[in-house]
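Student: File query-v4.txt follows (compact mmCIF, C-alpha atoms):
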# COMPACT_ATOMS: atom_id res chain seq x y z
CA MET A 1 -8.94 17.78 26.44
CA VAL A 2 -7.26 14.37 26.15
CA SER A 3 -7.19 12.51 29.47
CA SER A 4 -4.03 10.95 30.87
CA MET A 5 -5.61 7.49 30.51
CA GLU A 6 -6.36 8.07 26.85
CA GLN A 7 -2.82 9.26 26.23
CA ARG A 8 -1.43 6.21 28.05
CA ILE A 9 -3.57 3.72 26.12
CA ILE A 10 -2.84 5.24 22.70
CA ARG A 11 0.86 5.34 23.51
CA LYS A 12 0.85 1.66 24.55
CA MET A 13 -0.91 0.60 21.36
CA ASN A 14 1.46 2.66 19.25
CA LEU A 15 4.47 1.01 20.86
CA ARG A 16 3.14 -2.55 20.97
CA LEU A 17 1.39 -2.84 17.60
CA ILE A 18 2.60 -0.34 15.04
CA PRO A 19 6.36 -1.19 14.93
CA LEU A 20 5.63 -4.88 14.24
CA LEU A 21 2.96 -4.10 11.64
CA ILE A 22 5.26 -1.60 9.92
CA THR A 23 8.10 -4.15 9.87
CA LEU A 24 5.87 -6.75 8.25
CA TYR A 25 4.64 -4.28 5.65
CA VAL A 26 8.22 -3.19 4.85
CA VAL A 27 9.08 -6.84 4.17
CA SER A 28 5.87 -7.25 2.17
CA TYR A 29 6.49 -4.21 0.01
CA ILE A 30 10.12 -5.07 -0.63
CA ASP A 31 9.04 -8.52 -1.81
CA ARG A 32 6.48 -7.10 -4.23
CA VAL A 33 8.67 -4.35 -5.75
CA ASN A 34 12.20 -5.79 -5.60
CA VAL A 35 11.53 -7.09 -9.10
CA SER A 36 12.07 -3.48 -10.26
CA PHE A 37 15.72 -3.71 -9.16
CA ALA A 38 16.14 -7.32 -10.24
CA ALA A 39 15.04 -6.13 -13.71
CA LEU A 40 18.26 -4.12 -14.07
CA THR A 41 20.03 -7.41 -14.90
CA MET A 42 17.27 -10.07 -14.88
CA ASN A 43 15.51 -8.79 -18.00
CA LYS A 44 18.62 -9.27 -20.10
CA ASP A 45 19.38 -12.70 -18.58
CA LEU A 46 15.85 -13.96 -19.24
CA GLY A 47 15.21 -12.06 -22.48
CA LEU A 48 12.29 -10.01 -21.11
CA ASP A 49 11.25 -6.88 -23.06
CA ALA A 50 9.56 -3.84 -21.46
CA TYR A 51 6.06 -5.02 -22.37
CA THR A 52 6.52 -8.51 -20.86
CA TYR A 53 8.19 -7.09 -17.78
CA GLY A 54 5.28 -4.64 -17.35
CA TRP A 55 2.85 -7.56 -17.53
CA GLY A 56 4.82 -9.52 -14.93
CA ALA A 57 5.21 -6.54 -12.61
CA GLY A 58 1.47 -5.95 -12.75
CA ILE A 59 0.07 -9.50 -12.81
CA PHE A 60 0.99 -9.76 -9.12
CA PHE A 61 -2.07 -7.61 -8.45
CA ILE A 62 -4.45 -9.83 -10.38
CA GLY A 63 -3.76 -12.69 -7.97
CA TYR A 64 -3.70 -10.23 -5.08
CA CYS A 65 -7.15 -8.89 -5.93
CA LEU A 66 -8.78 -12.29 -6.50
CA PHE A 67 -8.05 -13.41 -2.94
CA GLU A 68 -8.35 -10.07 -1.14
CA ILE A 69 -11.99 -10.24 -0.01
CA PRO A 70 -12.01 -13.95 0.96
CA SER A 71 -8.82 -13.41 2.95
CA ASN A 72 -10.26 -10.48 4.92
CA LEU A 73 -13.46 -12.37 5.71
CA ILE A 74 -11.42 -15.33 6.98
CA LEU A 75 -9.32 -12.97 9.12
CA ALA A 76 -12.49 -11.57 10.70
CA ARG A 77 -13.59 -15.13 11.51
CA VAL A 78 -10.36 -16.84 12.71
CA GLY A 79 -8.51 -13.84 14.16
CA ALA A 80 -5.69 -11.61 12.99
CA ARG A 81 -2.79 -13.41 14.67
CA LYS A 82 -3.15 -16.79 12.96
CA TRP A 83 -4.26 -15.47 9.60
CA ILE A 84 -1.56 -12.79 9.27
CA ALA A 85 1.02 -15.44 10.21
CA ARG A 86 -0.33 -17.68 7.43
CA ILE A 87 -0.16 -14.84 4.89
CA LEU A 88 3.38 -14.00 5.95
CA PHE A 89 4.65 -17.59 5.65
CA THR A 90 3.19 -18.29 2.22
CA TRP A 91 4.26 -15.01 0.63
CA GLY A 92 7.79 -15.56 1.97
CA LEU A 93 7.98 -18.97 0.27
CA ALA A 94 6.64 -17.52 -2.99
CA ALA A 95 9.11 -14.59 -2.82
CA VAL A 96 12.04 -17.01 -2.47
CA GLY A 97 10.60 -19.08 -5.32
CA MET A 98 11.05 -16.09 -7.66
CA ALA A 99 14.77 -16.93 -7.67
CA PHE A 100 14.13 -20.04 -9.78
CA ILE A 101 12.24 -18.55 -12.72
CA GLN A 102 13.60 -19.54 -16.14
CA GLY A 103 11.85 -17.27 -18.64
CA SER A 104 8.78 -15.19 -19.40
CA THR A 105 6.21 -17.91 -18.60
CA SER A 106 7.61 -18.84 -15.19
CA PHE A 107 8.14 -15.13 -14.45
CA LEU A 108 4.44 -14.42 -15.05
CA VAL A 109 3.30 -17.52 -13.13
CA MET A 110 5.44 -16.83 -10.05
CA ARG A 111 4.45 -13.16 -9.89
CA PHE A 112 0.80 -14.23 -9.99
CA ILE A 113 1.37 -16.81 -7.21
CA LEU A 114 3.19 -14.21 -5.09
CA GLY A 115 0.17 -11.90 -5.40
CA CYS A 116 -2.20 -14.70 -4.32
CA ALA A 117 0.02 -15.51 -1.33
CA GLU A 118 0.31 -11.93 -0.11
CA ALA A 119 -3.38 -11.10 -0.60
CA GLY A 120 -5.15 -9.88 2.51
CA TYR A 121 -2.30 -8.48 4.58
CA PHE A 122 -2.88 -4.77 3.97
CA PRO A 123 -6.70 -4.69 4.15
CA GLY A 124 -6.49 -7.12 7.06
CA VAL A 125 -4.34 -4.66 8.99
CA ILE A 126 -6.61 -1.71 8.11
CA PHE A 127 -9.57 -3.71 9.42
CA TYR A 128 -7.54 -4.93 12.43
CA LEU A 129 -6.70 -1.34 13.43
CA THR A 130 -10.43 -0.60 13.76
CA TYR A 131 -10.41 -3.12 16.66
CA TRP A 132 -7.93 -0.94 18.51
CA PHE A 133 -7.92 2.75 17.65
CA PRO A 134 -10.89 5.13 17.97
CA ALA A 135 -11.94 6.73 14.66
CA ARG A 136 -10.43 10.12 15.50
CA TYR A 137 -6.91 8.59 15.55
CA ARG A 138 -7.07 6.51 12.40
CA ALA A 139 -5.65 8.88 9.77
CA ARG A 140 -2.40 9.39 11.67
CA ILE A 141 -2.21 5.70 12.68
CA ILE A 142 -2.75 4.56 9.10
CA SER A 143 -0.17 7.09 7.94
CA ARG A 144 2.36 5.69 10.42
CA PHE A 145 1.61 2.13 9.35
CA MET A 146 1.90 3.06 5.69
CA LEU A 147 5.28 4.66 6.29
CA ALA A 148 6.36 1.12 5.43
CA ILE A 149 5.82 1.89 1.73
CA PRO A 150 8.30 4.77 1.33
CA LEU A 151 10.61 3.20 3.95
CA SER A 152 10.72 -0.08 2.05
CA LEU A 153 11.50 1.73 -1.19
CA ALA A 154 13.99 4.16 0.36
CA VAL A 155 15.86 1.40 2.22
CA GLY A 156 15.22 -1.41 -0.23
CA ALA A 157 16.62 0.48 -3.23
CA PRO A 158 20.28 0.71 -2.15
CA VAL A 159 20.13 -2.68 -0.38
CA SER A 160 18.75 -4.37 -3.50
CA THR A 161 21.34 -2.88 -5.83
CA TRP A 162 24.08 -3.80 -3.33
CA ILE A 163 22.91 -7.44 -3.37
CA LEU A 164 22.82 -7.37 -7.18
CA GLN A 165 26.46 -6.34 -7.30
CA GLN A 166 27.98 -8.17 -4.33
CA PHE A 167 26.31 -11.55 -4.73
CA ASP A 168 26.42 -11.90 -8.51
CA GLY A 169 28.11 -15.21 -9.30
CA VAL A 170 28.16 -16.51 -5.71
CA LEU A 171 27.59 -20.29 -5.79
CA GLY A 172 26.83 -19.95 -9.49
CA PHE A 173 23.69 -17.84 -9.01
CA HIS A 174 22.94 -14.45 -10.56
CA GLY A 175 22.71 -11.39 -8.33
CA TRP A 176 18.98 -11.07 -9.00
CA GLN A 177 18.43 -14.65 -7.79
CA TRP A 178 20.17 -13.88 -4.51
CA LEU A 179 18.06 -10.73 -4.29
CA PHE A 180 14.84 -12.76 -4.26
CA VAL A 181 16.19 -15.31 -1.75
CA LEU A 182 17.69 -12.87 0.75
CA GLU A 183 14.69 -10.51 0.68
CA GLY A 184 12.11 -13.32 0.78
CA LEU A 185 13.42 -15.22 3.81
CA PRO A 186 12.60 -12.51 6.42
CA ALA A 187 8.87 -13.03 5.80
CA VAL A 188 9.15 -16.72 6.65
CA LEU A 189 11.21 -16.05 9.78
CA LEU A 190 8.91 -13.28 11.07
CA THR A 191 5.99 -15.70 11.19
CA VAL A 192 7.14 -16.69 14.69
CA ALA A 193 7.11 -13.05 15.86
CA VAL A 194 3.51 -12.62 14.71
CA LEU A 195 2.33 -15.73 16.56
CA LYS A 196 4.03 -14.60 19.77
CA LEU A 197 3.48 -10.83 19.76
CA LEU A 198 0.27 -9.96 17.91
CA PRO A 199 -2.97 -10.21 19.96
CA ASP A 200 -6.29 -10.66 18.13
CA GLY A 201 -7.83 -7.72 19.97
CA PRO A 202 -7.70 -5.61 23.16
CA SER A 203 -9.24 -8.37 25.30
CA GLN A 204 -6.14 -10.55 24.61
CA ALA A 205 -3.64 -7.75 25.32
CA SER A 206 -1.84 -8.57 28.56
CA TRP A 207 -0.21 -5.12 28.48
CA LEU A 208 -3.58 -3.35 28.96
CA SER A 209 -5.19 -3.20 32.40
CA GLU A 210 -8.85 -4.09 32.85
CA GLU A 211 -9.65 -0.41 33.36
CA GLU A 212 -7.84 0.48 30.13
CA LYS A 213 -9.63 -2.28 28.22
CA GLY A 214 -12.96 -0.98 29.52
CA TRP A 215 -12.23 2.57 28.42
CA LEU A 216 -11.12 1.42 24.98
CA GLU A 217 -14.13 -0.83 24.45
CA LYS A 218 -16.47 2.04 25.39
CA GLU A 219 -14.79 4.34 22.85
CA LEU A 220 -14.86 1.73 20.08
CA ALA A 221 -18.47 0.82 20.86
CA GLY A 222 -19.42 4.48 20.41
CA ASP A 223 -17.76 4.48 16.97
CA ARG A 224 -19.60 1.29 16.00
CA GLU A 225 -22.97 2.66 17.13
CA ARG A 226 -22.54 5.74 14.94
CA VAL A 227 -22.21 3.62 11.81
CA ALA A 228 -24.11 0.44 12.68
CA ALA A 229 -27.41 1.85 11.38
CA ALA A 230 -25.92 2.61 7.96
CA PRO A 231 -27.22 0.36 5.18
CA GLU A 232 -23.61 -0.40 4.21
CA ALA A 233 -23.06 -2.32 7.45
CA GLY A 234 -23.96 -5.68 5.86
CA ILE A 235 -21.57 -7.54 3.55
CA LEU A 236 -23.77 -7.59 0.45
CA ARG A 237 -24.90 -3.99 0.92
CA ALA A 238 -21.31 -2.87 1.31
CA LEU A 239 -20.19 -4.72 -1.83
CA ALA A 240 -23.12 -3.36 -3.87
CA ASN A 241 -22.77 0.24 -2.69
CA PRO A 242 -21.60 2.46 -5.61
CA ILE A 243 -19.81 4.78 -3.19
CA VAL A 244 -17.53 1.89 -2.20
CA TRP A 245 -16.73 1.36 -5.88
CA CYS A 246 -15.97 5.06 -6.27
CA PHE A 247 -13.51 4.82 -3.40
CA GLY A 248 -12.05 1.83 -5.23
CA PHE A 249 -11.44 3.99 -8.31
CA ILE A 250 -9.77 6.74 -6.29
CA TYR A 251 -7.43 4.19 -4.75
CA PHE A 252 -6.93 2.61 -8.21
CA ALA A 253 -5.52 5.92 -9.46
CA ALA A 254 -3.23 6.34 -6.43
CA VAL A 255 -1.90 2.78 -6.55
CA GLY A 256 -1.47 2.93 -10.33
CA ALA A 257 0.65 6.06 -9.97
CA ASN A 258 2.69 4.48 -7.18
CA LEU A 259 3.39 1.09 -8.75
CA GLY A 260 3.66 2.33 -12.31
CA THR A 261 6.37 4.75 -11.21
CA SER A 262 8.20 2.55 -8.71
CA MET A 263 8.34 -0.53 -10.98
CA PHE A 264 10.11 1.44 -13.71
CA LEU A 265 11.93 4.17 -11.76
CA PRO A 266 15.24 2.23 -11.55
CA GLN A 267 15.19 1.68 -15.32
CA MET A 268 14.25 5.34 -15.94
CA ILE A 269 17.31 6.39 -13.91
CA GLN A 270 19.58 3.72 -15.41
CA GLN A 271 18.98 4.99 -18.96
CA GLN A 272 20.48 8.32 -17.88
CA GLY A 273 23.85 6.58 -17.58
CA TYR A 274 24.10 5.99 -13.83
CA SER A 275 25.80 2.92 -12.33
CA THR A 276 23.83 0.20 -10.57
CA MET A 277 24.67 1.51 -7.08
CA GLN A 278 23.92 5.09 -8.13
CA VAL A 279 20.54 3.90 -9.43
CA GLY A 280 19.83 2.42 -6.00
CA PHE A 281 20.55 5.61 -4.11
CA LEU A 282 18.79 7.91 -6.59
CA SER A 283 15.73 5.64 -6.57
CA SER A 284 15.40 6.16 -2.83
CA ILE A 285 15.19 9.99 -3.03
CA PRO A 286 11.51 10.31 -4.05
CA TYR A 287 10.45 8.09 -1.17
CA LEU A 288 12.22 10.26 1.39
CA PHE A 289 9.92 13.03 0.15
CA GLY A 290 7.08 10.51 0.39
CA ILE A 291 7.81 9.89 4.07
CA ALA A 292 7.52 13.62 4.78
CA GLY A 293 4.27 13.80 2.82
CA MET A 294 2.77 10.82 4.58
CA LEU A 295 3.55 12.11 8.07
CA GLY A 296 2.65 15.73 7.39
CA ILE A 297 -0.59 15.16 5.48
CA GLY A 298 -1.77 12.43 7.89
CA TYR A 299 -1.12 14.67 10.90
CA THR A 300 -2.86 17.75 9.51
CA SER A 301 -5.81 15.67 8.29
CA ASP A 302 -6.42 14.51 11.86
CA ARG A 303 -5.46 17.85 13.41
CA PHE A 304 -8.11 19.74 11.42
CA LYS A 305 -10.54 16.79 11.19
CA GLU A 306 -10.55 17.21 7.42
CA ARG A 307 -10.27 14.49 4.75
CA LYS A 308 -11.69 15.71 1.44
CA TRP A 309 -9.36 18.60 0.63
CA HIS A 310 -6.30 16.81 1.97
CA LEU A 311 -7.09 13.95 -0.40
CA ILE A 312 -7.72 16.29 -3.35
CA GLY A 313 -4.50 18.19 -2.66
CA SER A 314 -2.53 14.93 -2.54
CA LEU A 315 -4.00 13.73 -5.83
CA LEU A 316 -3.18 17.10 -7.42
CA LEU A 317 0.47 16.71 -6.42
CA ILE A 318 0.50 13.30 -8.11
CA ALA A 319 -1.05 14.61 -11.33
CA VAL A 320 1.18 17.69 -11.60
CA GLY A 321 4.34 15.81 -10.59
CA LEU A 322 3.96 12.91 -13.04
CA GLY A 323 2.63 15.06 -15.86
CA THR A 324 5.59 17.45 -15.58
CA ALA A 325 8.03 14.53 -15.30
CA GLY A 326 6.65 13.23 -18.60
CA LEU A 327 7.25 16.63 -20.23
CA LEU A 328 10.82 16.81 -18.91
CA GLY A 329 11.69 13.36 -20.26
CA SER A 330 14.97 11.66 -19.37
CA SER A 331 16.55 14.17 -17.01
CA PHE A 332 17.40 14.75 -13.37
CA ALA A 333 14.68 17.43 -13.27
CA ALA A 334 12.15 14.70 -14.10
CA ILE A 335 13.31 12.74 -11.05
CA MET A 336 12.71 15.84 -8.93
CA MET A 337 9.15 16.11 -10.24
CA ILE A 338 8.63 12.46 -9.36
CA CYS A 339 9.66 13.53 -5.84
CA VAL A 340 6.76 16.02 -5.90
CA ALA A 341 4.41 13.25 -7.04
CA ALA A 342 5.73 10.97 -4.27
CA ILE A 343 4.57 13.45 -1.62
CA GLY A 344 1.02 13.03 -2.90
CA ILE A 345 1.32 9.30 -3.65
CA MET A 346 2.29 8.56 -0.07
CA GLY A 347 0.42 11.41 1.58
CA CYS A 348 -3.02 10.53 0.19
CA ARG A 349 -3.23 7.33 2.27
CA GLY A 350 -3.79 9.13 5.57
CA PRO A 351 -6.90 11.10 4.59
CA PHE A 352 -8.21 8.36 2.28
CA TRP A 353 -8.47 5.25 4.45
CA PRO A 354 -10.53 6.71 7.33
CA LEU A 355 -13.29 7.54 4.82
CA PRO A 356 -14.62 3.99 4.22
CA ALA A 357 -14.08 3.06 7.87
CA ALA A 358 -16.22 6.07 8.85
CA TYR A 359 -19.42 4.47 7.57
CA LEU A 360 -18.74 0.72 7.34
CA THR A 361 -18.79 -1.57 10.35
CA GLY A 362 -18.56 -5.25 11.27
CA ALA A 363 -18.41 -7.78 8.41
CA GLY A 364 -19.47 -5.02 6.04
CA ALA A 365 -16.31 -3.12 6.95
CA ALA A 366 -14.12 -6.18 6.36
CA ALA A 367 -15.70 -6.81 2.95
CA GLY A 368 -15.95 -3.16 1.91
CA ILE A 369 -12.35 -2.30 2.83
CA ALA A 370 -11.13 -5.43 1.07
CA LEU A 371 -13.14 -4.58 -2.06
CA ILE A 372 -11.76 -1.03 -2.12
CA ASN A 373 -8.24 -2.35 -1.72
CA SER A 374 -8.83 -5.01 -4.39
CA LEU A 375 -10.17 -2.50 -6.91
CA GLY A 376 -7.41 -0.08 -6.00
CA ASN A 377 -4.69 -2.67 -6.40
CA LEU A 378 -5.82 -3.37 -9.94
CA GLY A 379 -4.03 -0.06 -10.44
CA GLY A 380 -0.93 -2.03 -9.48
CA PHE A 381 -1.49 -3.97 -12.70
CA ALA A 382 -2.60 -1.03 -14.84
CA GLY A 383 0.25 1.32 -13.85
CA PRO A 384 3.20 -0.93 -14.80
CA TYR A 385 1.32 -2.25 -17.85
CA VAL A 386 0.67 1.25 -19.24
CA ILE A 387 4.24 2.42 -18.72
CA GLY A 388 5.68 -0.84 -20.12
CA TRP A 389 3.41 -0.60 -23.17
CA ALA A 390 4.31 3.06 -23.75
CA LYS A 391 8.00 2.31 -23.48
CA GLN A 392 7.73 -0.61 -25.90
CA VAL A 393 5.75 1.38 -28.49
CA THR A 394 7.33 4.84 -28.24
CA ASN A 395 10.72 4.03 -26.65
CA SER A 396 9.85 6.64 -24.01
CA TYR A 397 8.28 6.60 -20.57
CA SER A 398 6.51 9.96 -21.09
CA GLY A 399 3.25 8.56 -22.50
CA GLY A 400 2.83 6.26 -19.51
CA LEU A 401 3.46 9.11 -17.06
CA TYR A 402 0.85 11.25 -18.84
CA ALA A 403 -1.70 8.42 -18.51
CA LEU A 404 -1.06 8.08 -14.77
CA ALA A 405 -1.41 11.87 -14.36
CA LEU A 406 -4.78 11.79 -16.15
CA MET A 407 -6.01 9.01 -13.84
CA SER A 408 -5.11 11.19 -10.87
CA PHE A 409 -7.07 14.12 -12.31
CA ALA A 410 -10.07 11.81 -12.78
CA ALA A 411 -9.75 10.72 -9.13
CA ILE A 412 -9.83 14.39 -8.07
CA VAL A 413 -13.15 14.83 -9.88
CA VAL A 414 -14.62 11.69 -8.26
CA THR A 415 -13.46 12.79 -4.81
CA PHE A 416 -14.98 16.23 -5.28
CA ILE A 417 -18.33 14.70 -6.28
CA ILE A 418 -18.79 11.89 -3.74
CA VAL A 419 -17.27 13.35 -0.56
CA LYS A 420 -18.72 16.27 1.34
CA VAL A 421 -17.85 17.86 4.69
CA HIS A 422 -20.40 17.49 7.49
CA LYS A 423 -20.72 20.07 10.24
CA PRO A 424 -18.51 18.22 12.75
CA GLY A 425 -15.66 18.52 10.23
CA ILE A 426 -15.28 14.84 9.31
CA PRO A 427 -15.92 14.20 5.62
CA GLN A 428 -18.50 11.60 4.73
CA THR A 429 -19.95 10.33 1.49
CA GLN A 430 -22.87 12.25 0.05
CA GLU A 431 -25.13 9.26 0.52
CA LYS A 432 -27.44 9.89 3.47
CA ARG A 433 -27.36 7.60 6.43
CA SER A 434 -30.41 5.70 7.45
CA THR A 435 -31.73 5.95 10.97
CA PRO A 436 -32.80 3.02 13.16
Have the structure of the file written as structure tokens, please.

Tutor:
Amino acid sequence: MVSSMEQRIIRKMNLRLIPLLITLYVVSYIDRVNVSFAALTMNKDLGLDAYTYGWGAGIFFIGYCLFEIPSNLILARVGARKWIARILFTWGLAAVGMAFIQGSTSFLVMRFILGCAEAGYFPGVIFYLTYWFPARYRARIISRFMLAIPLSLAVGAPVSTWILQQFDGVLGFHGWQWLFVLEGLPAVLLTVAVLKLLPDGPSQASWLSEEEKGWLEKELAGDRERVAAAPEAGILRALANPIVWCFGFIYFAAVGANLGTSMFLPQMIQQQGYSTMQVGFLSSIPYLFGIAGMLGIGYTSDRFKERKWHLIGSLLLIAVGLGTAGLLGSSFAAIMMICVAAIGIMGCRGPFWPLPAAYLTGAGAAAGIALINSLGNLGGFAGPYVIGWAKQVTNSYSGGLYALALMSFAAIVVTFIIVKVHKPGIPQTQEKRSTP
């Protein structure tokens, strides 16, 4: 039975923390994927082919991954408020800078710089949430936070195409240049909100009473004690643990499916003869399904205290959806199958992210979560690259979609092997814990 105090504390944290973190992630995700809408006119203006565009869309994640672990370790040392504000400010400047690219070289360089600037925000927040929410709440909390992904794509799609059309030629700039400026500035401006509103931890939260802080610290201390004896608690042990790398591969497959699809979805729809504004609205449809998947799967994963089969089911939706979309080719039915895949793409986050946090703690958690996210986000390079290469070679997106479906099937196999269900109902890795 949940006590009234527990309900009150969780409600306060949901209201005070999650809306701001979601807003920041919406801005972040729009800035990383708005290039997919800019490409509707930018590629022709700059002479970019599908292969070069795929490289540029994906190279963001090379820079992102290089700085992911150092960024998370710095956040653990200096505090979330200052470090997230720094990340926000620098990625905003880099996002605006995308408006001034001149050709393929500057396109690749600026996408790489944008990835370096944004590195650390997502894993930093995942680590930050472990300072606040007891383990039993984390799947649904992470699902709510990650609603930013489908929200940013559902809202950003029509907004981006509207900017492309309405601002083209204003002050002599192309619509895609205005797109980068207008969608990059919010990150710079929101830096002030982070510095004023985001506490480093419960002890700095003026909106929690001393009694509430005491209850929360006791709950979080109990979670830490359950994992502190694990050999993965240290930084080096966490980074060397093969189970962590397996989680990285699973996330690699999910991110590859997400970014490979989203970076090319507007162009897939455009080739069916739709107008720019129609492309914007149709591109948002799969992510409305994704929102439902994220909320529903995250809730039931927590409700039944089950991670493994929720994750496997989500990955299966991705594989079947993208594989069938590849078979259907350039058609509206293919878009509907991408909607099926989007349920799994977005829904897998809820059951996935509590798994590493269930056996990593302290600096080991910061490093391990960052490594998993870094390895996973290499899928953000692989996904667009594979689809861009397939399009360039075969003049079809089907081969790329098949490759992403196969990666998802491989992730299902890895999940089945490394995760097992313990008696309490919370999945853990098959590696045995050590005892003090």

Student: Which residue is closest to Gly124 in chain A? Choose from A:Gly290, A:Gly368, A:Gly298, A:Gly347 and count all atoms listed in the file.

Tutor: A:Gly368

Student: Taking only C-alpha atoms into account, which of A:Ile345, A:Val393, A:Leu220, A:Met42 comes nearest Asn258 in chain A?

Tutor: A:Ile345

Student: Listed atoms of range 407-412 of chain A, axis-aligned box, 3 Å per side: centre and edge lengths to one decimal in Å, as AutoDock Vina command-line options?

Tutor:
--center_x -7.6 --center_y 11.7 --center_z -11.0 --size_x 11.0 --size_y 11.4 --size_z 11.8

Student: Tell me, as number ranges by chain, which residues lie within 10 Å of Val320 in chain A, counting all atoms listed in the file; anything in the same chain fewer than 3 positions away does not count.

Tutor: A: 315-317, 323-326, 337-338, 340-341, 344, 402, 405-406, 408-409

Student: Using only C-alpha atoms, which residue out of A:Ser398, A:Asp49, A:Gly172, A:Val109 lies closest to Leu328 in chain A?

Tutor: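 Nearest candidate to Leu328 in chain A out of A:Ser398, A:Asp49, A:Gly172, A:Val109: A:Ser398.
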
Student: Give as a list in words every residue, naming chains and numbers as the document does, that has an atom within 7 Å of (-10.8, -5.7, 2.7), counting only C-alpha atoms.

Tutor: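 Within 7 Å of (-10.8, -5.7, 2.7), the protein and nucleic acid residues are Glu68, Ile69, Asn72, Pro123, Gly124, Ala366, Ala367, Gly368, Ile369, Ala370, Leu371, Ile372 and Asn373 of chain A.
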
Student: Residues near Ala50 in chain A, anyone? I mean within 12 Å using only C-alpha atoms, not counting same-chain ones fewer than 5 positions away, as a PyMOL selection string.

Tutor: chain A and resi 36+39-40+42-44+55-57+104+263-264+267-268+384-397

Student: Counting only C-alpha atoms, which residue out of A:Gln270, A:Thr23, A:Ser374, A:Gln204 sits closest to Met146 in chain A?

Tutor: A:Thr23

Student: Please work out which residues fall within 6 Å of (-8.8, 17.8, -7.5), coordinates as given in the file, with only C-alpha atoms counting, and return them as a list in words.

Tutor: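 Looking at atoms near the point gives Ile312, Leu316, Ile412 and Val413 of chain A.
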
Student: Let me see the file: selected residues, C-alpha atoms, as a JSON list (two decimals), in the frame of the given file.

Tutor:
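File produced: out.json:
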[["chain", "number", "residue", "atom", "x", "y", "z"],
["A", 312, "ILE", "CA", -7.72, 16.29, -3.35],
["A", 316, "LEU", "CA", -3.18, 17.10, -7.42],
["A", 412, "ILE", "CA", -9.83, 14.39, -8.07],
["A", 413, "VAL", "CA", -13.15, 14.83, -9.88]]

Student: So which one's closest to Leu153 in chain A, A:Pro351, A:Gly54, A:Pro286, A:Gly97? Using all atoms listed in the file, please.

Tutor: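 Using all atoms listed in the file, Leu153 in chain A sits closest to A:Pro286.
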
Student: What is the CA of Leu108 in chain A to CA of Ala187 in chain A distance in Å?

Tutor: 21.4 Å

Student: Between A:Gly260, A:Pro199, A:Gly313, A:Gly399, single out the one closest to Trp83 in chain A, counting all atoms listed in the file.

Tutor: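 Counting all atoms listed in the file, the residue closest to Trp83 in chain A is A:Pro199.
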
Student: Quote the spacing between CA of Gly115 in chain A and CA of Ala157 in chain A in Å to one decimal place.

Tutor: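 Separating CA of Gly115 in chain A from CA of Ala157 in chain A is a distance of 20.7 Å.
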
Student: Could you jot down the CA of Asp31 in chain A to CA of Gly296 in chain A separation for me, Å, one decimal place?

Tutor: 26.7 Å

Student: For range 103-201 of chain A versus range 75-81 of chain A, which residues have an atom no more than 12 Å away, and what is each residue's nearest atom pair and distance in Å rounded to one decimal, using all atoms listed in the file, chain-then-number order, as a Markdown table?

Tutor:
| residue | atom | partner | partner_atom | distance |
| --- | --- | --- | --- | --- |
| A:Ala119 | CA | A:Leu75 | CA | 11.5 |
| A:Gly120 | CA | A:Leu75 | CA | 8.4 |
| A:Tyr121 | CA | A:Leu75 | CA | 9.5 |
| A:Phe122 | CA | A:Leu75 | CA | 11.6 |
| A:Pro123 | CA | A:Leu75 | CA | 10.0 |
| A:Gly124 | CA | A:Leu75 | CA | 6.8 |
| A:Val125 | CA | A:Ala80 | CA | 8.1 |
| A:Ile126 | CA | A:Ala80 | CA | 11.1 |
| A:Phe127 | CA | A:Ala76 | CA | 8.5 |
| A:Tyr128 | CA | A:Ala80 | CA | 7.0 |
| A:Leu129 | CA | A:Ala80 | CA | 10.3 |
| A:Thr130 | CA | A:Ala76 | CA | 11.6 |
| A:Tyr131 | CA | A:Ala80 | CA | 10.4 |
| A:Thr191 | CA | A:Arg81 | CA | 9.7 |
| A:Val192 | CA | A:Arg81 | CA | 10.5 |
| A:Ala193 | CA | A:Arg81 | CA | 10.0 |
| A:Val194 | CA | A:Arg81 | CA | 6.3 |
| A:Leu195 | CA | A:Arg81 | CA | 5.9 |
| A:Lys196 | CA | A:Arg81 | CA | 8.6 |
| A:Leu197 | CA | A:Arg81 | CA | 8.5 |
| A:Leu198 | CA | A:Arg81 | CA | 5.6 |
| A:Pro199 | CA | A:Arg81 | CA | 6.2 |
| A:Asp200 | CA | A:Ala80 | CA | 5.3 |
| A:Gly201 | CA | A:Ala80 | CA | 8.3 |
